[in-house]
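Structure file structure_38.txt; described as compact mmCIF, C-alpha atoms and all ligand atoms.
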```txt
# COMPACT_ATOMS: atom_id res chain seq x y z
CA MET E 1 -8.53 9.59 17.36
CA LYS E 2 -8.35 11.92 14.39
CA LYS E 3 -7.30 15.52 14.62
CA PHE E 4 -6.87 18.35 12.13
CA GLY E 5 -4.20 17.19 9.69
CA THR E 6 -4.57 13.44 10.26
CA THR E 7 -3.34 11.48 7.26
CA VAL E 8 -6.02 9.82 5.14
CA LYS E 9 -3.55 8.20 2.75
CA ASN E 10 -0.05 9.17 1.57
CA ASN E 11 -0.17 12.95 1.03
CA VAL E 12 -3.86 13.43 1.74
CA GLN E 13 -4.88 14.92 5.09
CA TRP E 14 -8.23 15.33 6.83
CA VAL E 15 -8.75 19.01 7.65
CA GLY E 16 -12.37 19.01 8.79
CA LYS E 17 -14.37 19.65 11.93
CA ILE E 18 -16.05 17.23 14.35
CA ASP E 19 -19.33 18.81 15.50
CA ASP E 20 -20.48 16.97 18.63
CA ASP E 21 -23.02 19.65 19.48
CA LEU E 22 -25.08 19.50 16.30
CA ARG E 23 -28.66 18.41 17.04
CA LYS E 24 -30.64 20.06 14.21
CA PHE E 25 -29.57 20.15 10.59
CA HIS E 26 -31.20 21.84 7.57
CA GLY E 27 -32.90 24.24 9.98
CA GLY E 28 -35.00 21.83 12.01
CA ASP E 29 -35.70 19.42 9.17
CA TYR E 30 -33.20 16.81 10.27
CA ASP E 31 -32.83 15.75 13.91
CA VAL E 32 -29.25 14.67 14.40
CA ARG E 33 -28.62 11.94 17.00
CA HIS E 34 -24.86 11.57 16.88
CA GLY E 35 -23.61 15.02 15.84
CA SER E 36 -21.80 15.32 12.53
CA THR E 37 -18.51 16.04 10.90
CA TYR E 38 -17.74 18.46 8.10
CA ASN E 39 -14.95 16.71 6.24
CA ALA E 40 -12.49 18.76 4.22
CA TYR E 41 -9.33 17.31 2.71
CA LEU E 42 -5.92 18.64 1.77
CA VAL E 43 -4.05 16.98 -1.09
CA ARG E 44 -0.34 17.81 -0.90
CA GLU E 45 1.45 16.75 -4.02
CA GLU E 46 3.55 19.02 -6.23
CA LYS E 47 0.40 21.12 -6.11
CA ASN E 48 -1.58 21.63 -2.92
CA VAL E 49 -5.33 21.33 -3.22
CA LEU E 50 -7.97 21.97 -0.59
CA ILE E 51 -11.18 20.00 -1.13
CA ASP E 52 -14.18 21.69 0.55
CA THR E 53 -14.25 23.66 3.82
CA VAL E 54 -16.46 23.50 6.93
CA TRP E 55 -19.62 25.19 8.25
CA GLU E 56 -19.54 28.95 8.84
CA PRO E 57 -19.62 28.96 12.70
CA TYR E 58 -16.23 27.23 12.56
CA ASP E 59 -14.65 29.40 9.87
CA ASP E 60 -12.06 31.13 12.09
CA GLU E 61 -11.08 27.85 13.71
CA PHE E 62 -10.79 26.24 10.28
CA VAL E 63 -8.61 28.95 8.78
CA LYS E 64 -6.35 29.04 11.87
CA ASN E 65 -5.93 25.25 11.87
CA LEU E 66 -5.33 25.20 8.14
CA GLU E 67 -2.66 27.86 8.50
CA LYS E 68 -0.90 25.75 11.12
CA THR E 69 -0.94 22.81 8.70
CA ILE E 70 0.18 24.59 5.53
CA PRO E 71 1.15 28.21 4.77
CA LEU E 72 -2.02 29.50 3.11
CA ASP E 73 -0.06 30.96 0.20
CA LYS E 74 1.07 27.42 -0.63
CA ILE E 75 -2.49 26.37 -1.48
CA ASP E 76 -2.61 26.23 -5.27
CA TYR E 77 -6.23 25.26 -5.83
CA ILE E 78 -9.50 24.94 -3.97
CA VAL E 79 -12.08 22.40 -5.08
CA MET E 80 -15.64 23.08 -3.95
CA ASN E 81 -17.60 19.90 -4.49
CA HIS E 82 -20.82 21.51 -3.24
CA GLY E 83 -22.00 25.00 -2.32
CA GLU E 84 -24.18 24.17 0.68
CA LYS E 85 -23.14 26.06 3.79
CA ASP E 86 -21.97 23.09 5.80
CA HIS E 87 -19.14 22.72 3.27
CA SER E 88 -18.70 26.22 1.91
CA GLY E 89 -19.33 28.27 5.07
CA ALA E 90 -15.66 28.88 5.78
CA LEU E 91 -14.84 29.76 2.17
CA PRO E 92 -15.38 33.54 2.50
CA ALA E 93 -13.01 33.71 5.50
CA LEU E 94 -10.42 31.73 3.58
CA MET E 95 -10.82 33.81 0.41
CA GLU E 96 -10.13 36.96 2.43
CA ARG E 97 -6.67 35.51 3.00
CA ILE E 98 -6.01 33.96 -0.42
CA PRO E 99 -8.32 35.85 -2.80
CA ASP E 100 -6.64 34.80 -6.05
CA VAL E 101 -6.57 31.03 -5.57
CA PRO E 102 -8.65 29.35 -8.29
CA ILE E 103 -11.84 27.62 -7.13
CA TYR E 104 -12.72 24.52 -9.16
CA CYS E 105 -16.43 23.70 -9.13
CA THR E 106 -19.44 23.11 -11.36
CA ALA E 107 -21.21 25.96 -13.14
CA ASN E 108 -24.13 25.50 -10.75
CA ALA E 109 -21.77 25.79 -7.77
CA VAL E 110 -20.64 29.18 -9.06
CA LYS E 111 -24.30 30.22 -8.91
CA SER E 112 -24.79 28.86 -5.39
CA LEU E 113 -21.52 30.26 -4.03
CA GLN E 114 -22.01 33.69 -5.56
CA GLY E 115 -25.68 33.64 -4.56
CA GLN E 116 -24.77 33.02 -0.94
CA TYR E 117 -21.53 34.96 -0.54
CA GLY E 118 -21.11 37.40 -3.41
CA GLY E 119 -17.62 36.45 -4.46
CA SER E 120 -17.89 38.08 -7.89
CA GLU E 121 -14.13 38.71 -7.78
CA TRP E 122 -13.29 35.07 -6.92
CA ASN E 123 -11.38 33.13 -9.56
CA PHE E 124 -13.82 30.37 -10.50
CA VAL E 125 -12.83 27.57 -12.87
CA THR E 126 -15.91 25.59 -13.92
CA VAL E 127 -15.53 21.88 -14.55
CA LYS E 128 -17.61 19.04 -15.94
CA THR E 129 -17.52 15.25 -15.67
CA GLY E 130 -14.24 13.94 -17.08
CA ASP E 131 -12.32 17.19 -16.65
CA SER E 132 -9.21 16.84 -14.53
CA LEU E 133 -6.65 18.83 -12.61
CA ASP E 134 -3.01 17.79 -12.59
CA VAL E 135 -1.71 17.83 -9.00
CA GLY E 136 1.79 16.64 -9.87
CA ASN E 137 3.75 13.51 -8.95
CA GLY E 138 1.83 11.72 -11.70
CA LYS E 139 -1.53 12.20 -10.02
CA LYS E 140 -4.62 14.11 -11.01
CA LEU E 141 -8.05 14.92 -9.69
CA VAL E 142 -10.81 13.80 -12.03
CA PHE E 143 -14.15 15.57 -11.61
CA VAL E 144 -17.53 13.84 -11.69
CA GLU E 145 -20.69 15.93 -11.64
CA MET E 146 -23.17 14.54 -9.10
CA ARG E 147 -26.17 16.61 -10.13
CA MET E 148 -29.03 16.20 -7.63
CA LEU E 149 -26.96 14.15 -5.21
CA HIS E 150 -28.40 16.16 -3.65
CA TRP E 151 -28.13 19.67 -5.11
CA PRO E 152 -27.82 20.72 -8.75
CA ASP E 153 -24.28 21.88 -7.99
CA SER E 154 -23.02 18.68 -6.31
CA MET E 155 -19.81 17.12 -7.56
CA ALA E 156 -17.30 14.42 -6.59
CA CYS E 157 -13.64 14.14 -7.50
CA TYR E 158 -11.32 11.18 -7.75
CA LEU E 159 -7.62 11.24 -6.96
CA THR E 160 -5.71 8.94 -9.30
CA GLY E 161 -2.73 7.08 -7.88
CA ASP E 162 -4.26 7.04 -4.39
CA ASN E 163 -7.62 5.92 -5.78
CA ILE E 164 -9.68 8.03 -3.40
CA LEU E 165 -13.18 9.15 -4.34
CA PHE E 166 -14.10 12.39 -2.56
CA SER E 167 -17.84 11.93 -2.83
CA ASN E 168 -19.10 14.92 -0.85
CA ASP E 169 -22.60 14.27 0.63
CA ALA E 170 -23.08 10.93 -1.17
CA PHE E 171 -22.12 7.93 0.99
CA GLY E 172 -21.89 10.19 4.06
CA GLN E 173 -23.69 10.16 7.37
CA HIS E 174 -24.33 12.58 10.20
CA TYR E 175 -21.99 11.05 12.72
CA ALA E 176 -19.47 12.86 14.87
CA ALA E 177 -16.85 10.28 14.01
CA THR E 178 -13.85 10.67 16.29
CA GLU E 179 -11.99 8.06 14.29
CA LEU E 180 -11.26 8.72 10.63
CA PHE E 181 -12.09 5.32 9.16
CA ASN E 182 -15.13 3.06 9.08
CA ASP E 183 -13.18 0.06 10.36
CA LEU E 184 -12.26 1.99 13.52
CA SER E 185 -15.82 3.16 14.17
CA ASP E 186 -19.00 1.51 15.43
CA GLU E 187 -20.14 0.27 12.03
CA LYS E 188 -23.64 -0.61 13.26
CA GLU E 189 -24.22 3.01 14.23
CA VAL E 190 -22.49 4.27 11.10
CA PHE E 191 -24.62 2.18 8.72
CA ALA E 192 -27.79 3.12 10.63
CA GLU E 193 -26.90 6.79 10.17
CA CYS E 194 -26.14 6.19 6.48
CA MET E 195 -29.62 4.80 5.99
CA THR E 196 -31.17 7.70 7.90
CA TYR E 197 -29.19 10.10 5.71
CA TYR E 198 -30.25 8.35 2.51
CA ALA E 199 -33.92 8.07 3.54
CA ASN E 200 -34.23 11.70 4.60
CA ILE E 201 -31.95 13.50 2.14
CA LEU E 202 -31.31 11.42 -0.95
CA SER E 203 -34.56 9.46 -1.36
CA PRO E 204 -36.27 12.08 -3.53
CA PHE E 205 -33.43 11.71 -6.02
CA SER E 206 -33.24 7.91 -6.15
CA ALA E 207 -33.74 7.76 -9.93
CA MET E 208 -30.71 10.03 -10.35
CA VAL E 209 -28.70 8.05 -7.80
CA LYS E 210 -29.34 4.89 -9.84
CA LYS E 211 -28.20 6.58 -13.04
CA LYS E 212 -25.12 8.08 -11.41
CA LEU E 213 -24.04 4.78 -9.85
CA ALA E 214 -24.20 3.18 -13.30
CA GLU E 215 -22.19 6.07 -14.75
CA ILE E 216 -19.50 5.76 -12.05
CA ALA E 217 -19.36 1.98 -12.52
CA ALA E 218 -18.83 2.52 -16.26
CA MET E 219 -15.80 4.71 -15.50
CA ASN E 220 -14.05 1.57 -14.15
CA LEU E 221 -12.33 3.46 -11.37
CA THR E 222 -10.32 1.52 -8.85
CA ILE E 223 -11.67 2.77 -5.56
CA ASP E 224 -9.48 2.16 -2.51
CA MET E 225 -11.25 4.71 -0.33
CA ILE E 226 -14.39 6.79 -0.37
CA ALA E 227 -14.00 10.04 1.51
CA PRO E 228 -17.39 11.74 1.94
CA SER E 229 -18.03 15.16 3.42
CA HIS E 230 -19.81 13.81 6.54
CA GLY E 231 -18.85 10.98 8.86
CA VAL E 232 -16.30 8.24 8.34
CA VAL E 233 -13.91 7.60 5.46
CA TRP E 234 -14.68 4.21 3.91
CA ARG E 235 -11.35 2.35 3.98
CA LYS E 236 -12.44 -1.22 4.67
CA ASP E 237 -14.72 -2.64 1.93
CA PRO E 238 -15.34 0.84 0.50
CA LEU E 239 -17.76 -0.50 -2.10
CA ARG E 240 -20.10 -1.88 0.54
CA ILE E 241 -21.75 1.51 0.93
CA VAL E 242 -22.01 1.80 -2.88
CA ASP E 243 -23.77 -1.58 -2.99
CA LEU E 244 -26.16 -0.42 -0.29
CA TYR E 245 -26.94 2.74 -2.26
CA ALA E 246 -27.68 0.53 -5.29
CA LYS E 247 -30.30 -1.27 -3.18
CA TRP E 248 -31.66 1.82 -1.48
CA CYS E 249 -32.22 3.72 -4.73
CA ASP E 250 -34.32 0.92 -6.21
CA ALA E 251 -37.70 1.02 -4.38
CA TYR E 252 -36.04 -0.40 -1.27
CA ALA E 253 -38.16 -2.42 1.14
CA GLU E 254 -37.52 -4.98 3.84
CA ASP E 255 -40.04 -7.42 5.24
CA LYS E 256 -41.27 -4.71 7.56
CA ILE E 257 -44.49 -2.77 8.23
CA SER E 258 -44.53 0.51 10.10
CA ILE E 259 -47.57 1.84 11.93
CA VAL E 260 -47.32 5.62 12.10
CA TYR E 261 -49.91 7.30 14.30
CA ASP E 262 -50.92 10.02 16.68
CA SER E 263 -53.76 9.91 19.17
CA MET E 264 -55.69 12.45 21.27
CA TRP E 265 -57.56 10.29 23.78
CA GLU E 266 -55.94 6.89 23.20
CA GLY E 267 -58.64 5.48 20.87
CA THR E 268 -56.43 5.58 17.77
CA GLU E 269 -53.51 4.33 19.84
CA LYS E 270 -55.55 1.26 20.86
CA LEU E 271 -56.18 0.59 17.16
CA ALA E 272 -52.48 0.99 16.37
CA LYS E 273 -51.39 -1.43 19.06
CA ASP E 274 -54.03 -4.00 18.15
CA LEU E 275 -53.07 -3.75 14.49
CA ALA E 276 -49.45 -4.46 15.44
CA VAL E 277 -50.54 -7.65 17.23
CA LYS E 278 -52.67 -8.75 14.28
CA LEU E 279 -49.92 -8.07 11.74
CA LYS E 280 -47.47 -10.13 13.77
CA LYS E 281 -50.01 -12.95 14.10
CA ASN E 282 -50.65 -12.94 10.33
CA SER E 283 -46.99 -12.70 9.40
CA PRO E 284 -44.66 -13.67 12.27
CA MET E 285 -41.46 -13.03 10.30
CA THR E 286 -42.45 -9.46 9.39
CA ASP E 287 -40.84 -6.74 11.46
CA VAL E 288 -43.65 -4.54 12.81
CA VAL E 289 -42.73 -1.12 14.19
CA LEU E 290 -44.97 1.28 16.11
CA CYS E 291 -44.06 4.91 15.41
CA HIS E 292 -45.87 7.40 17.65
CA LEU E 293 -45.51 10.84 16.11
CA GLN E 294 -45.09 12.46 19.53
CA LYS E 295 -42.56 9.96 20.83
CA MET E 296 -40.19 9.24 17.95
CA ASP E 297 -38.32 11.84 15.90
CA LYS E 298 -39.57 12.38 12.39
CA ASN E 299 -36.35 11.32 10.67
CA GLU E 300 -36.29 8.02 12.54
CA ILE E 301 -39.93 7.46 11.59
CA MET E 302 -39.15 8.25 7.95
CA THR E 303 -36.26 5.81 8.02
CA HIS E 304 -38.64 3.11 9.23
CA VAL E 305 -41.07 4.05 6.46
CA PHE E 306 -38.23 3.97 3.92
CA SER E 307 -37.33 0.40 4.86
CA SER E 308 -40.96 -0.82 5.06
CA LYS E 309 -42.92 -2.56 2.34
CA ALA E 310 -46.17 -1.12 3.72
CA ILE E 311 -47.35 1.36 6.31
CA ALA E 312 -50.52 1.89 8.28
CA VAL E 313 -51.25 5.48 9.18
CA GLY E 314 -53.62 6.39 11.99
CA CYS E 315 -54.98 9.65 13.34
CA PRO E 316 -58.20 10.93 14.88
CA THR E 317 -60.28 13.62 13.21
CA VAL E 318 -59.69 17.17 14.44
CA VAL E 319 -61.73 20.06 13.00
CA ASN E 320 -62.62 18.09 9.84
CA ASP E 321 -59.00 17.14 9.27
CA VAL E 322 -56.03 15.33 10.84
CA MET E 323 -53.91 16.47 13.79
CA SER E 324 -51.17 18.95 12.90
CA SER E 325 -48.49 16.32 13.61
CA MET E 326 -50.07 14.06 11.00
CA GLY E 327 -50.34 16.95 8.53
CA GLU E 328 -46.62 17.54 8.93
CA PHE E 329 -45.85 13.82 8.51
CA LEU E 330 -47.90 13.56 5.31
CA HIS E 331 -46.27 16.67 3.90
CA TYR E 332 -42.79 15.30 4.59
CA LEU E 333 -43.78 11.88 3.26
CA LYS E 334 -44.72 13.47 -0.08
CA GLU E 335 -41.35 15.26 -0.25
CA LEU E 336 -39.39 12.02 0.05
CA LYS E 337 -41.00 10.32 -2.99
CA PHE E 338 -40.73 6.73 -1.75
CA LYS E 339 -41.62 4.12 -4.35
CA GLY E 340 -43.46 0.80 -4.39
CA LYS E 341 -45.09 0.87 -0.95
CA LYS E 342 -48.63 0.16 0.23
CA GLY E 343 -50.49 2.30 2.75
CA ALA E 344 -53.67 1.94 4.80
CA ALA E 345 -55.55 4.39 7.01
CA PHE E 346 -57.26 4.14 10.38
CA GLY E 347 -58.48 6.53 13.04
CA CYS E 348 -61.14 7.46 15.58
CA TYR E 349 -63.61 10.32 15.44
CA GLY E 350 -66.35 11.79 17.56
CA TRP E 351 -68.40 13.84 15.12
CA SER E 352 -67.54 14.31 11.44
CA GLY E 353 -64.77 11.69 10.83
CA GLU E 354 -62.71 12.96 7.89
CA SER E 355 -59.28 11.80 9.11
CA THR E 356 -59.06 8.49 7.24
CA ALA E 357 -60.08 10.16 3.96
CA LYS E 358 -57.44 12.85 4.54
CA ILE E 359 -54.80 10.22 5.31
CA ARG E 360 -55.69 8.26 2.15
CA GLU E 361 -55.46 11.49 0.16
CA GLY E 362 -52.02 12.17 1.68
CA LEU E 363 -50.79 8.63 1.01
CA ALA E 364 -51.94 8.79 -2.62
CA ALA E 365 -50.25 12.18 -3.08
CA ALA E 366 -47.04 10.65 -1.68
CA GLY E 367 -47.14 7.89 -4.31
CA PHE E 368 -48.36 5.04 -2.08
CA GLN E 369 -50.65 2.30 -3.29
CA THR E 370 -53.57 3.20 -1.03
CA LEU E 371 -55.58 0.25 0.25
CA GLU E 372 -59.37 0.27 0.25
CA GLU E 373 -59.42 -1.48 3.62
CA GLU E 374 -59.52 0.98 6.51
CA VAL E 375 -60.88 1.37 10.03
CA ARG E 376 -62.89 4.51 10.72
CA CYS E 377 -63.96 4.20 14.31
CA ASN E 378 -66.63 6.29 16.02
CA TRP E 379 -65.54 7.16 19.58
CA ASN E 380 -63.66 4.27 21.18
CA PRO E 381 -62.77 1.07 19.34
CA ASN E 382 -65.24 -1.79 19.92
CA GLU E 383 -65.22 -5.43 18.89
CA GLU E 384 -66.40 -4.55 15.41
CA ASP E 385 -63.53 -2.10 14.91
CA PHE E 386 -60.94 -4.59 16.16
CA ALA E 387 -62.42 -7.20 13.81
CA ALA E 388 -62.15 -4.72 10.92
CA LEU E 389 -58.46 -4.31 11.75
CA GLU E 390 -58.03 -7.95 10.83
CA THR E 391 -59.03 -7.07 7.25
CA VAL E 392 -56.52 -4.20 7.21
CA ALA E 393 -53.79 -6.49 8.57
CA LYS E 394 -54.50 -9.08 5.86
CA ALA E 395 -54.38 -6.46 3.11
CA LEU E 396 -51.09 -5.09 4.42
CA THR E 397 -49.40 -8.47 4.68
CA SER E 398 -50.75 -9.99 1.45
FE1 LIG E 401 -25.62 19.22 0.99
FE2 LIG E 401 -23.61 18.31 3.53
O1 LIG E 401 -24.49 19.47 2.42
```
Show how you would write the structure in this file as structure tokens.
Ligand code: FEO
Amino acid sequence: MKKFGTTVKNNVQWVGKIDDDLRKFHGGDYDVRHGSTYNAYLVREEKNVLIDTVWEPYDDEFVKNLEKTIPLDKIDYIVMNHGEKDHSGALPALMERIPDVPIYCTANAVKSLQGQYGGSEWNFVTVKTGDSLDVGNGKKLVFVEMRMLHWPDSMACYLTGDNILFSNDAFGQHYAATELFNDLSDEKEVFAECMTYYANILSPFSAMVKKKLAEIAAMNLTIDMIAPSHGVVWRKDPLRIVDLYAKWCDAYAEDKISIVYDSMWEGTEKLAKDLAVKLKKNSPMTDVVLCHLQKMDKNEIMTHVFSSKAIAVGCPTVVNDVMSSMGEFLHYLKELKFKGKKGAAFGCYGWSGESTAKIREGLAAAGFQTLEEEVRCNWNPNEEDFAALETVAKALTS
């Protein structure tokens, strides 16, 4: 089990925080199932370099633990790969103790750090891709800007000699990993959390992920380990997660169809369940997943959508529109900018019946190929409605 100061490789130590209690991240935008870790690293060569810190609620704990590991006045440089609070939150407490230590980061990170904390007196050194910092013993840290992975200020750095890529958020996962390395962790859970992380945080930036992966590949770095800022350190087959990112950033889809729905009086739910049966009958090998908006968390639903080739979205009409849960889903769907997926609409109504039109509008705004086939059912589904679902099922599986 890792603890503060555990060795990552040679003179590199993990100096982060395991956060078992985390349940909500990014405000309430990300429901966390397995907690998280805020990974910071200490490189101790002829020069001592701290890479990132931890989230603000743990700033005192972080500084105290760091001080037990190394006298703070022996830290020569701080590298801030990213200004978001989960990695920079403890920086102000640390800078109170070592105010003159240079902080290496991108120009955008200076803006985010100063914007959040002031820090006008901090000694920033701005770096760009290809710049490096000599850490002694023949090793250096090479910086790689990771713009929009996932903030404009994001950066990675690569330690030569040890061949470790400190990738910050990229290749990470919200997982309160008690063990440091992927090969010591439950890899099934870890990869599931990686996909959830990609689908919900990095998807909007897939075009930039693709470009960046090509740029990193062209640098011909030997990568022995990838040490992200959340979750496990990739020691065994470290490029496996890079290969997955290469797939995920390229209009990723499995042979899978998700049915995302909400229901007021079970009519739309009956349609959803019957559609699932019909899809399976039409295409037995296709994975069909029912996602009830009240019963499954939104990030899990979005991960299913991310890995689907098509979705069917169902909701009854409420006050000339969709239910608020569906409004929230469609808004979030648009944010994530998924590519190359088909979508169909269905739903019940009593009086005016606008929900399917609203769903189609939402799907189109989110970049889905919206199918003409739909089921707009007055009151409870009857034989005619169930028969119409057959047409929707065929369009989704064709
Ligand atoms: Fe973008 Fe883990 O913060």
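Using all atoms listed in the file, residues with at least one atom at most 6 Å away from any atom of ligand LIG 401 (chain E) are Glu84, Asp86 and Asp169 of chain E.
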Store the residues picked out above, limited to C-alpha atoms, as a PDB file, keeping the file's coordinate frame.
```
ATOM      1  CA  GLU E  84     -24.180  24.170   0.680  1.00  0.00           C
ATOM      2  CA  ASP E  86     -21.970  23.090   5.800  1.00  0.00           C
ATOM      3  CA  ASP E 169     -22.600  14.270   0.630  1.00  0.00           C
TER       4      ASP E 169
END
```
With all atoms listed in the file counted, which protein, DNA or RNA residues have an atom no more than 6 Å from (-12.2, 4.4, 1.5) in the file frame? Please answer as a list in words.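 Here the neighbourhood of the point contains Asp224, Met225, Ile226, Ala227, Val233, Trp234, Arg235 and Pro238 of chain E.
One finds atom CA of E:Met146 at 25.2 Å from atom CA of E:Glu45.
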Which residues come within 12 Å of E:Val305, counting all atoms listed in the file, excluding same-chain residues fewer than 5 positions away, as a VMD selection string? chain E and resid 195 to 196 199 to 200 203 251 to 260 287 to 291 298 to 300 310 to 313 329 to 330 332 to 333 336 to 343 368
Pick from E:Gln369, E:Asn39, E:Thr53, E:Gln294 nearest to E:His230, counting only C-alpha atoms: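 Among E:Gln369, E:Asn39, E:Thr53, E:Gln294, it is E:Asn39 that comes nearest to E:His230.
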Smallest atom-to-atom distance to E:Lys273: which of E:Phe346, E:Phe205, E:Trp248, E:Phe124, using only C-alpha atoms?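 Distance minimum relative to E:Lys273 lands on E:Phe346.
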Work out how far apart atom CA of E:Met219 and atom CA of E:Tyr41 are and give it in Å to one decimal.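 Answer for the atom CA of E:Met219 to atom CA of E:Tyr41 separation: 23.1 Å.
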Select, from E:Asp21, E:Asp321, E:Glu145, E:Asp237, the residue with the minimum atom-to-atom distance to E:Tyr175, counting all atoms listed in the file.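 Checking each of E:Asp21, E:Asp321, E:Glu145, E:Asp237 against E:Tyr175, counting all atoms listed in the file, the winner is E:Asp21.
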Go through E:Thr303, E:Gln13, E:Asn380, E:Ser263 and flag the residue nearest E:Ser325, using all atoms listed in the file for the distances. E:Ser263
Take atom CA of E:Pro204 and atom CA of E:His87 and report the distance between them in Å, one decimal.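 That distance, rounded to one decimal, is 21.3 Å.
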Using all atoms listed in the file for the distances, tell me which of E:Asp183, E:Glu46, E:Glu361, E:Glu67 is nearest to E:Gly138.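 Result for the nearest residue to E:Gly138: E:Glu46.
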For stretch 322-354 of chain E against stretch 387-391 of chain E, with a cut-off of 12 Å and counting only C-alpha atoms, what is the closest atom pair and its distance in Å to one decimal for every residue that makes the cut, ordered by chain and number, as CSV?
```
residue,atom,partner,partner_atom,distance
E:Ala344,CA,E:Leu389,CA,10.5
E:Ala345,CA,E:Leu389,CA,10.3
E:Phe346,CA,E:Leu389,CA,8.6
E:Gly347,CA,E:Leu389,CA,10.9
```
I'd like to know which of E:Gln116, E:Ser398, E:Asn282, E:Thr317 is closest to E:Ile359, using only C-alpha atoms. E:Thr317
Please identify all polymer residues within 9 Å of E:Pro381, counting all atoms listed in the file, omitting same-chain residues fewer than 4 positions from it, and present them as a list in words.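 These residues fall inside the cut-off: Gly267, Thr268, Lys270, Leu271, Cys348, Cys377, Asp385 and Phe386 of chain E.
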